Each structure stands twice: as C-alpha cells, then as structure tokens.
Amino acid sequence: MRNLLRSDFTRLWKTKSFYIALITVTAIVYLCVFFSSPAEGLPKGLSLCNTLCSMAVLMVPLVVGGAYMLFVSAEYTGGAIRNKLIVGHRRENVYFSWNLVGLADGLFLMAVSYGSVALFIALFADTTGLVAKNVIVATVIVICMLISKICMSILISVIIPGAKGMLFNYVLTYALLMFFVIMYDSAPDNKIVDILARCFPEGQITGLNVMTMPDKPWLTIVCALAFSVLCVILGTDVFKKKDLS
Amino acid sequence: MEYVLTTEGLRKSYRNFNALNGLSMHVPKGAIYGFVGKNGAGKTTLIRLACGLQSPTDGELTLYGANHRDSAIHEARKRIGAVVETPSIFPSMTAEQNLKHQYRVLGLPNFDGIKELLTLVGLADTGSKKAEQFSLGMRQRLGIAIALCGHPDFMILDEPINGLDPQGIVDVRELILKLNREQGITILISSHILDELSRIATHYGFIDGGRIVREMSADELTGACRKCVSVRVTDVDALVRELERRGTEYTVTGTDSVDIYAQPNITELALALWKDKCEILTCTEQDENLEGFFLSLVGGESHA
C-alpha cells in the first residue's frame, strides 16, 4: 500500500493535468470573485464569500474531479495498471490508493485556490456580518462535497474509463444539480429528496451560503461521508471483479 | 520436476463464449516454455489469468505453489514480470521515468540498475524522448525492461517480437536466451512466429480451442517430428488419389505440393501418376518442423 501511495503521489506531482487543474481552479475562482458585483445591501466581503461558496458547484466536479479522472484513466489507456497487478498488488489496495491520492489532490487544489481568495477577502474586504460558525460549517460541507465527489468520480472512472467516463460524470453532475434544484422548489418537504440531497455532492451544495446556517448540517456531513464510504466499497467490488485486458 | 506455473481444468467464460475450456498446463522451472496456438485459441486469456488481470471461471491455477484463490498468490506474483499484448507504459513519460515509476510500484529502495536495464534493451540513448514518440519496437523493448524491474524469477511474454524489425527480433531472442541461461529466469513466451520460437524454446505447450492438446520438451518434439518426402507435381488431385489408393499418410502443403510421410518408391509412383498425365516436378526429403507438427496437431489439411 505504501508503495502504491508513493508511486501514485509521485506520478500526480509530475502530471500536467494536476498543474493545469491548479492554475485553472485558482484563476477561475479569482476572476469570478473579483469581477462579481456585490449583492445589494450586503457588505462586499460577505457577498464575495457567498460567491466563493457557490463557485464550489462549478469547480469541484468540472475541474478537480475531471482532472483526477484523467489521472486515473491514464493508467487504463496506457495499460500501466497491469504493471501494478502483475507484481502482486491487491486490487483493493490499488483502488484505495487512488481514493487517498484523489482526496489529497482535491483538498490541496481547493485549499490553494479557495484559501488564498478567502484570505484576501478577510484582509481587504468588509466582512461585517460574517458569522465564523456559518463560515466553518459551509467550509466543512464544501470539503465533504469534495470528498464525496472525488469518491464518486473514481467509481465512474472504474466503470467507464477514459473520456467517456468524464463526459458521463459531467452529464450526471449537472443532471443531478437540476434535479435537486427542481425538487427543492416543487417538493421542499419530501424526506426522500432531502436525504438524497444530503448524500449526493450536487445536493449538498445546493443553496449553501455563508449568511445562514443550513438545516441539520451534521446530517449532511454524516450522509456525505456515508455516501463516500459506499462509493469506495462499491468501487472496490467493481474493480475486484473487473476483467482487464 | 518443479513447476513454476500449473493449471488444472482451467476455464474462462465470457457470457456464452468459452475462451479456456478445461486447460491444464505445466511450466517447469528454468524452462523457456513456448506457448503455441492459433489466433483465438486462448493464449492471451491464459496469460491474463496467470498475471491476475482476470479471474478464472473455474479450475485451478497455481503459481509458485500458491493457488489463485489463496492470498499467497499476491506474494507469488511479486516474483513475476510480464508483457501482456501491448506494452504497459505511460506514453507521456520517458523510458527512464517509466522504469522509475515501476521501481516505486515495486517499492525498491533506490533506482540502481535502471541504466543497465535501458542498455540491456537498447534504449539507453533515448534521453528525454517520450514513450509516445517511440516506435512499436521501442515500446515493446521498454515493456520488457519494465517487466524486468525487480529481478523477476518468471517472465511472461505475450507476442514479444510483434512489430520488431529483423535486428530487433534477433536482439530480443538473444536477450531471452541470456536471461534464461545466465540468470535462470523461467520464461513463458507465446508467439505466432514458430520458426523464431523453435530457436529458443526448451518446452512447448500446444493450445487449441481453449485447451492444451500436447505438452512436450524440445527433445521430445525433435523425436516426434517425422521425416517426409516433399513432392511437387503438375496435378495434386492425381497424386492425392494415388496416395489414398495406397493408404499412405500425406499433407497437402500447396497447390502443387504434397508432403508424404513414407518412403515411396519414386519410380512406381511416377509411373502410376503418368497414367493420369501427372508429372513429378521435384522430390526432396524433409524433416517436419515445429510449424508442420503444430498443423498436424491442431488440424489443417492432414490426412491419414
């Protein structure tokens, strides 16, 4: 397992897609935050924090998840995944290593981009009215969303490797986003939709902002982590049974 | 005899298709085991199962004494290196980076031996050239170098000379012989180029329809290969009729040639054929080669 982590991390640091994702995420976050118009009646810092929060919907699935899917798929397209299995690495270890490296990758990308913008806002913008507890809860939910999205992306990569898997991931992401937005409007009290929304990353982020405390944030965190574990278990099972050519 | 790889009644099914159909084979330690079969006979499927890329539907596969169902198989696999069909490489990396990556996968403490491996496969001067810019032959050699990382005891090579030029084929042949003779590495090699295989193999396994039809040593093969008289005639049908009448075993090898597995009286045969206006053009004595033996085992136009 240690060897797999070492080789995966080293490959990640040397992969172009990692640096492209880092630059893209950071650039988009900075551009969107600094070119956004402050909401009427809100201090600029508060408005920018809300913009930053909603950016996660775009950034995580599109750039972070997508770039990591490319990283995993590269092992399939070149057939290099065979080298790990031929020399005796267990499939569950290979899959778990992808998840750990993916989470580290995602957290690093988000920390650099969001962290630097958040620091900039805190230092130079008027953040009157910003409640620390709300910010912490929103940050934890975004991190949970990131974890569940990465676990879900890796699962899709294993089922549908390559560009087809990425395309499927994007379509699924935006289909789920639309579904949760519509369901929140049409059936706001539906308990099944509520639980599903707390499980799926697309639902966790819908309507999240830093001004109000979301309803039962602990339940969202539990559902997100449970969903992530389920994705890892399911992905491990699929990968263990998968015939490689 | 000590075996590195054995299988008993191995089966692999894909929906309604049986790729392996009760295959039993035995690869002796220290051998160069030539794995011979037609396209679709099941060679690559067996290799995928041996390498852990796929799981058998039924039957037993044992590698260094470890059954494929036991967790000990993972330890046993640490002793093998393989090139399965296309070389398993990262196209965006250089040859050296690919080897370094494999060293990390294996958990080797340092990168000692990488230069030697690159020299061994003739890729020492590729520098910063990425693998995606390599020719097919260079990729094949890089695949072999990756398989050699960590000094394996058993190498599995699936069509390793595909895409190589004549010099490349000679280089790979010499490399295989060197690895086997100097380092005692057991090698399982599948190839369609039977003439090339016959130059290096010490043992053979002939596969057809997903099962081994014959396993034998190179010495046994030499003994089993029959002598024949190869005859070229103006009318093959007339010759076939005459041989059928005499009850002589033969193989039609071309539009004007037949191999006869007997020592016919040529004068008698020529006189008999002349009645049908058939002339004998040439007549040479030959030993049956690996190709002929393979065809006689798995079919073709042989008759008894």
# chains A, B, ... in the order shown; residues from 1 in each chain; ligands from 1
>>> residues_around(residues="region 146-148 of chain B", least_positions_apart="6", cutoff="6 Å", atoms="only C-alpha atoms", output="PyMOL selection string")
chain B and resi 81-82+99
>>> residues_around(residues="Arg6 (chain A)", least_positions_apart="5", cutoff="10 Å", atoms="only C-alpha atoms", output="ChimeraX atom specification")
/A:1,11-12,97,101 /B:101,104-105,107
>>> closest_residue(among="A:Leu123, A:Ala187, A:Cys32, A:Leu244", to="chain B", atoms="only C-alpha atoms")
A:Leu244
>>> atom_distance(atom1="CA of Val87 (chain A)", atom2="CA of Ala19 (chain B)")
24.2 Å
>>> interface_residues(of="chain A", to="chain B", cutoff="12 Å", atoms="only C-alpha atoms", output="ChimeraX atom specification")
/A:1-12,14-17,71-91,93-94,97,239-245
>>> residues_around(residues="Ile200 (chain B)", least_positions_apart="6", cutoff="9 Å", atoms="only C-alpha atoms", output="ChimeraX atom specification")
/B:32-34,173-174,176-177
>>> residues_around(residues="Met216 (chain B)", least_positions_apart="6", cutoff="9 Å", atoms="only C-alpha atoms", output="ChimeraX atom specification")
/B:202-206
>>> atom_distance(atom1="CA of Lys277 (chain B)", atom2="CA of Arg246 (chain B)")
18.4 Å
>>> decode(residues="region 48-79 of chain B", atoms="N, CA and C atoms", output="compact mmCIF listing (two decimals), in the first residue's frame")
# COMPACT_ATOMS: atom_id res chain seq x y z
N ARG B 48 -3.43 -13.64 -19.21
CA ARG B 48 -4.13 -12.67 -18.35
C ARG B 48 -4.49 -13.29 -17.00
N LEU B 49 -4.91 -14.54 -17.02
CA LEU B 49 -5.26 -15.21 -15.76
C LEU B 49 -4.02 -15.41 -14.90
N ALA B 50 -2.93 -15.81 -15.53
CA ALA B 50 -1.68 -16.05 -14.78
C ALA B 50 -1.18 -14.75 -14.15
N CYS B 51 -1.43 -13.63 -14.84
CA CYS B 51 -0.95 -12.33 -14.34
C CYS B 51 -1.93 -11.66 -13.38
N GLY B 52 -3.09 -12.26 -13.16
CA GLY B 52 -4.06 -11.69 -12.22
C GLY B 52 -4.87 -10.57 -12.81
N LEU B 53 -4.86 -10.43 -14.12
CA LEU B 53 -5.66 -9.37 -14.74
C LEU B 53 -7.12 -9.79 -14.87
N GLN B 54 -7.34 -11.09 -14.89
CA GLN B 54 -8.70 -11.63 -14.92
C GLN B 54 -8.75 -12.84 -13.98
N SER B 55 -9.96 -13.20 -13.60
CA SER B 55 -10.13 -14.36 -12.71
C SER B 55 -10.71 -15.53 -13.48
N PRO B 56 -10.26 -16.75 -13.18
CA PRO B 56 -10.83 -17.92 -13.86
C PRO B 56 -12.30 -18.12 -13.50
N THR B 57 -13.06 -18.67 -14.42
CA THR B 57 -14.45 -19.02 -14.12
C THR B 57 -14.47 -20.29 -13.28
N ASP B 58 -13.53 -21.19 -13.57
CA ASP B 58 -13.46 -22.46 -12.84
C ASP B 58 -12.06 -23.04 -13.01
N GLY B 59 -11.72 -24.03 -12.23
CA GLY B 59 -10.43 -24.68 -12.33
C GLY B 59 -9.39 -24.10 -11.38
N GLU B 60 -8.18 -24.62 -11.48
CA GLU B 60 -7.11 -24.24 -10.55
C GLU B 60 -5.93 -23.65 -11.31
N LEU B 61 -5.38 -22.61 -10.73
CA LEU B 61 -4.14 -22.03 -11.27
C LEU B 61 -3.17 -21.89 -10.10
N THR B 62 -2.00 -22.45 -10.25
CA THR B 62 -1.02 -22.41 -9.16
C THR B 62 0.27 -21.77 -9.64
N LEU B 63 0.69 -20.74 -8.91
CA LEU B 63 1.91 -20.02 -9.26
C LEU B 63 2.87 -20.14 -8.08
N TYR B 64 4.02 -20.72 -8.30
CA TYR B 64 4.99 -20.96 -7.22
C TYR B 64 4.31 -21.62 -6.01
N GLY B 65 3.44 -22.57 -6.28
CA GLY B 65 2.79 -23.33 -5.21
C GLY B 65 1.59 -22.64 -4.59
N ALA B 66 1.31 -21.41 -5.00
CA ALA B 66 0.18 -20.68 -4.41
C ALA B 66 -1.03 -20.76 -5.34
N ASN B 67 -2.15 -21.23 -4.79
CA ASN B 67 -3.38 -21.33 -5.57
C ASN B 67 -3.95 -19.94 -5.80
N HIS B 68 -4.62 -19.75 -6.96
CA HIS B 68 -5.11 -18.41 -7.29
C HIS B 68 -6.18 -17.90 -6.31
N ARG B 69 -6.77 -18.82 -5.53
CA ARG B 69 -7.79 -18.38 -4.56
C ARG B 69 -7.18 -17.94 -3.23
N ASP B 70 -5.91 -18.33 -3.01
CA ASP B 70 -5.26 -18.01 -1.73
C ASP B 70 -4.63 -16.62 -1.77
N SER B 71 -4.52 -16.02 -0.59
CA SER B 71 -3.90 -14.69 -0.55
C SER B 71 -2.39 -14.78 -0.85
N ALA B 72 -1.81 -15.99 -0.72
CA ALA B 72 -0.38 -16.16 -1.01
C ALA B 72 -0.05 -15.90 -2.46
N ILE B 73 -1.07 -15.90 -3.32
CA ILE B 73 -0.83 -15.66 -4.75
C ILE B 73 -0.23 -14.26 -4.97
N HIS B 74 -0.59 -13.31 -4.09
CA HIS B 74 -0.07 -11.93 -4.25
C HIS B 74 1.43 -11.90 -4.00
N GLU B 75 1.88 -12.70 -3.04
CA GLU B 75 3.32 -12.80 -2.77
C GLU B 75 4.02 -13.48 -3.94
N ALA B 76 3.39 -14.54 -4.47
CA ALA B 76 3.98 -15.27 -5.59
C ALA B 76 4.11 -14.36 -6.82
N ARG B 77 3.14 -13.48 -7.00
CA ARG B 77 3.17 -12.59 -8.17
C ARG B 77 4.30 -11.58 -8.10
N LYS B 78 4.82 -11.35 -6.90
CA LYS B 78 5.95 -10.42 -6.78
C LYS B 78 7.18 -10.97 -7.50
N ARG B 79 7.14 -12.27 -7.82
CA ARG B 79 8.30 -12.89 -8.46
C ARG B 79 8.17 -12.91 -9.98
